Amino acid sequence: MVGKVVIVTGGNSGIGLETAKNLADRGAKVIIACRSRNRGETAKLEIIKATGNTNVHFELLDLTSLRSVREFCSKILKTEKRLDILINNAAAGGLGNGKTEDGLHIGMQVNYFGPFLLTCMLIPLLKSSAPSRIINVSSLAHKYGELNFENLNMEKYWSDYLVYANSKLYLNLMTLELSYRLKNYNVTVNALHPGVASTNIFRNIPSNILRNTILVLINFLFQDSWEASQTSVYLAASPEVINVSGQYFSNCQQKKPSKLSQNQELAKKLWLETEKLVNFTLPV
């Protein structure tokens, strides 16, 4: 990874931190993007100390604000000569039913609408840096998502779990459509299920009892963050997937996602509707 530039959203904790640390250890220039300056700077220093790689940087990115996404991308496009790997890792659960300043459901924006805009705005740099890779951290929960074009912004009905499941389903469909749009540019796009890991993704659940119960079960039954980061690292660094695009992975192996996730017609329609919601059209 020496000479390569990597962006990891949510690279300040959990799976994102372990992913960023691993890629820094391989010699990459790593930019961790998150909304907390304090946590971001702390994570940067932790990665530098653990790897000896001083080419680790923090940039402010708040996915609840499309303005912040645009400012982040504008800065990257001005300051970076190349971008080899974009890892859309940041996500959150239990954010409730509020709307952002952009009029979008907060959970859907953090997990899907924000990463969509971020990716689209960085595509020119990814194209000019080809061969390059886009990696979308999805979830097995996508299989419980539904695609209702009358409720993309979760205004008719919602639940925290449905918001999370839908956002991951939409990420899979984004992966499918984007792989088609980039097939002639040597830019690959893949999605992955990292496994259920002991992270702080559910820290926003308001009920202390429910939140603590979930975290105890996760800590007892499932992977640690290092284990859960390995598929992201595999898709970022392995020569085995250099020409693989539009696919879904788990445990470093290609898997079949839900039938909805494989529907090219729905993926295209969702893409066009999402462009309207984030007010950005990717040039063909």
# chains A, B, ... in the order shown; residues from 1 in each chain; ligands from 1
$ residues_around --residues "Phe58 (chain A)" --least-positions-apart "4" --cutoff "6 Å" --atoms "only C-alpha atoms" --output "ChimeraX atom specification"
/A:31-33,40
$ residues_around --residues "region 150-163 of chain A" --least-positions-apart "3" --cutoff "12 Å" --atoms "only C-alpha atoms" --output "ChimeraX atom specification"
/A:91-100,102-113,141-147,166-170,202,204-206,269-271,273-274,276-278
$ closest_residue --among "A:Ala130, A:Met1, A:Leu66, A:Leu176" --to "Ser238 (chain A)" --atoms "only C-alpha atoms"
A:Met1
$ residues_around --residues "region 177-181 of chain A" --least-positions-apart "6" --cutoff "9 Å" --atoms "only C-alpha atoms" --output "ChimeraX atom specification"
/A:187-190,245-247,264-265,267-268,270-271,284
$ select_by_dssp --residues "region 33-265 of chain A" --states "strand (DSSP E or B)" --output "JSON, numbers by chain"
{"A": [33, 34, 56, 57, 58, 59, 60, 85, 86, 87, 88, 99, 105, 132, 133, 134, 135, 136, 137, 187, 188, 189, 190, 191, 192, 193, 197, 223, 247, 248, 249, 250, 253, 254, 255]}
$ write_last_selection --atoms "N, CA and C atoms" --output "compact mmCIF listing (two decimals), in the first residue's frame"
# COMPACT_ATOMS: atom_id res chain seq x y z
N ALA A 33 -11.77 10.24 8.49
CA ALA A 33 -12.78 11.30 8.40
C ALA A 33 -13.89 11.01 9.39
N CYS A 34 -14.12 11.94 10.33
CA CYS A 34 -15.20 11.77 11.30
C CYS A 34 -15.64 13.13 11.81
N VAL A 56 -0.49 9.87 8.52
CA VAL A 56 -1.88 9.64 8.92
C VAL A 56 -2.49 10.99 9.25
N HIS A 57 -3.69 11.24 8.74
CA HIS A 57 -4.28 12.56 8.87
C HIS A 57 -5.75 12.47 9.27
N PHE A 58 -6.24 13.52 9.90
CA PHE A 58 -7.65 13.63 10.26
C PHE A 58 -8.27 14.79 9.50
N GLU A 59 -9.48 14.55 8.98
CA GLU A 59 -10.26 15.62 8.36
C GLU A 59 -11.68 15.56 8.90
N LEU A 60 -12.24 16.72 9.14
CA LEU A 60 -13.58 16.82 9.70
C LEU A 60 -14.63 16.45 8.65
N ILE A 85 -8.17 4.49 -2.54
CA ILE A 85 -9.17 3.69 -1.84
C ILE A 85 -10.10 4.61 -1.06
N LEU A 86 -11.41 4.45 -1.28
CA LEU A 86 -12.40 5.13 -0.46
C LEU A 86 -13.20 4.06 0.27
N ILE A 87 -13.18 4.11 1.60
CA ILE A 87 -13.92 3.14 2.40
C ILE A 87 -15.04 3.86 3.15
N ASN A 88 -16.27 3.62 2.70
CA ASN A 88 -17.44 4.19 3.36
C ASN A 88 -17.80 3.28 4.53
N LYS A 99 -34.90 14.80 11.62
CA LYS A 99 -34.43 15.18 10.29
C LYS A 99 -33.20 16.06 10.42
N HIS A 105 -33.98 12.11 6.66
CA HIS A 105 -34.00 11.35 7.90
C HIS A 105 -32.56 11.16 8.39
N SER A 132 -8.38 2.09 -8.92
CA SER A 132 -8.77 2.50 -7.57
C SER A 132 -10.00 1.71 -7.13
N ARG A 133 -10.33 1.83 -5.85
CA ARG A 133 -11.37 0.99 -5.29
C ARG A 133 -12.28 1.79 -4.35
N ILE A 134 -13.57 1.47 -4.41
CA ILE A 134 -14.57 2.00 -3.47
C ILE A 134 -15.12 0.81 -2.70
N ILE A 135 -15.15 0.95 -1.37
CA ILE A 135 -15.60 -0.14 -0.51
C ILE A 135 -16.71 0.38 0.39
N ASN A 136 -17.87 -0.24 0.29
CA ASN A 136 -19.03 0.16 1.09
C ASN A 136 -19.29 -0.88 2.17
N VAL A 137 -19.21 -0.44 3.41
CA VAL A 137 -19.45 -1.36 4.54
C VAL A 137 -20.96 -1.47 4.75
N VAL A 187 -12.21 1.52 -11.99
CA VAL A 187 -12.55 1.81 -10.59
C VAL A 187 -13.55 0.76 -10.14
N THR A 188 -13.20 -0.03 -9.16
CA THR A 188 -14.09 -1.09 -8.69
C THR A 188 -14.90 -0.61 -7.48
N VAL A 189 -16.06 -1.22 -7.31
CA VAL A 189 -16.94 -0.89 -6.19
C VAL A 189 -17.48 -2.20 -5.62
N ASN A 190 -17.27 -2.43 -4.34
CA ASN A 190 -17.78 -3.64 -3.70
C ASN A 190 -18.35 -3.31 -2.33
N ALA A 191 -19.28 -4.15 -1.88
CA ALA A 191 -19.89 -4.00 -0.56
C ALA A 191 -19.52 -5.20 0.30
N LEU A 192 -19.68 -5.05 1.60
CA LEU A 192 -19.31 -6.16 2.49
C LEU A 192 -20.13 -6.16 3.76
N HIS A 193 -20.26 -7.34 4.31
CA HIS A 193 -20.78 -7.52 5.67
C HIS A 193 -19.58 -7.80 6.56
N ALA A 197 -19.82 -6.99 15.29
CA ALA A 197 -18.60 -6.74 16.07
C ALA A 197 -18.90 -5.92 17.31
N GLN A 223 -17.49 -11.03 17.02
CA GLN A 223 -16.09 -10.71 16.76
C GLN A 223 -15.64 -9.45 17.49
N GLN A 247 -19.84 -6.55 -6.34
CA GLN A 247 -20.10 -7.77 -5.59
C GLN A 247 -20.24 -7.48 -4.09
N TYR A 248 -20.62 -8.53 -3.38
CA TYR A 248 -20.86 -8.47 -1.94
C TYR A 248 -20.01 -9.53 -1.26
N PHE A 249 -19.32 -9.13 -0.19
CA PHE A 249 -18.36 -10.03 0.47
C PHE A 249 -18.68 -10.19 1.95
N SER A 250 -18.27 -11.31 2.49
CA SER A 250 -18.31 -11.56 3.93
C SER A 250 -17.21 -12.54 4.25
N GLN A 253 -14.77 -13.46 1.52
CA GLN A 253 -15.24 -14.31 0.43
C GLN A 253 -16.46 -13.69 -0.22
N GLN A 254 -16.58 -13.87 -1.53
CA GLN A 254 -17.74 -13.35 -2.24
C GLN A 254 -18.98 -14.16 -1.86
N LYS A 255 -20.06 -13.44 -1.53
CA LYS A 255 -21.31 -14.08 -1.12
C LYS A 255 -22.46 -13.50 -1.93
$ residues_around --residues "Val69 (chain A)" --least-positions-apart "5" --cutoff "9 Å" --atoms "only C-alpha atoms" --output "number ranges by chain"
A: 61-64, 74, 114-115, 117-118, 121
$ select_by_dssp --residues "region 3-252 of chain A" --states "helix (DSSP H, G or I)" --output "ChimeraX atom specification"
/A:14-25,37-51,66-79,106-128,140-144,160-181,208-221,225-228,230-237,239-241
$ atom_distance --atom1 "CA of Glu18 (chain A)" --atom2 "CA of Asn55 (chain A)"
16.1 Å
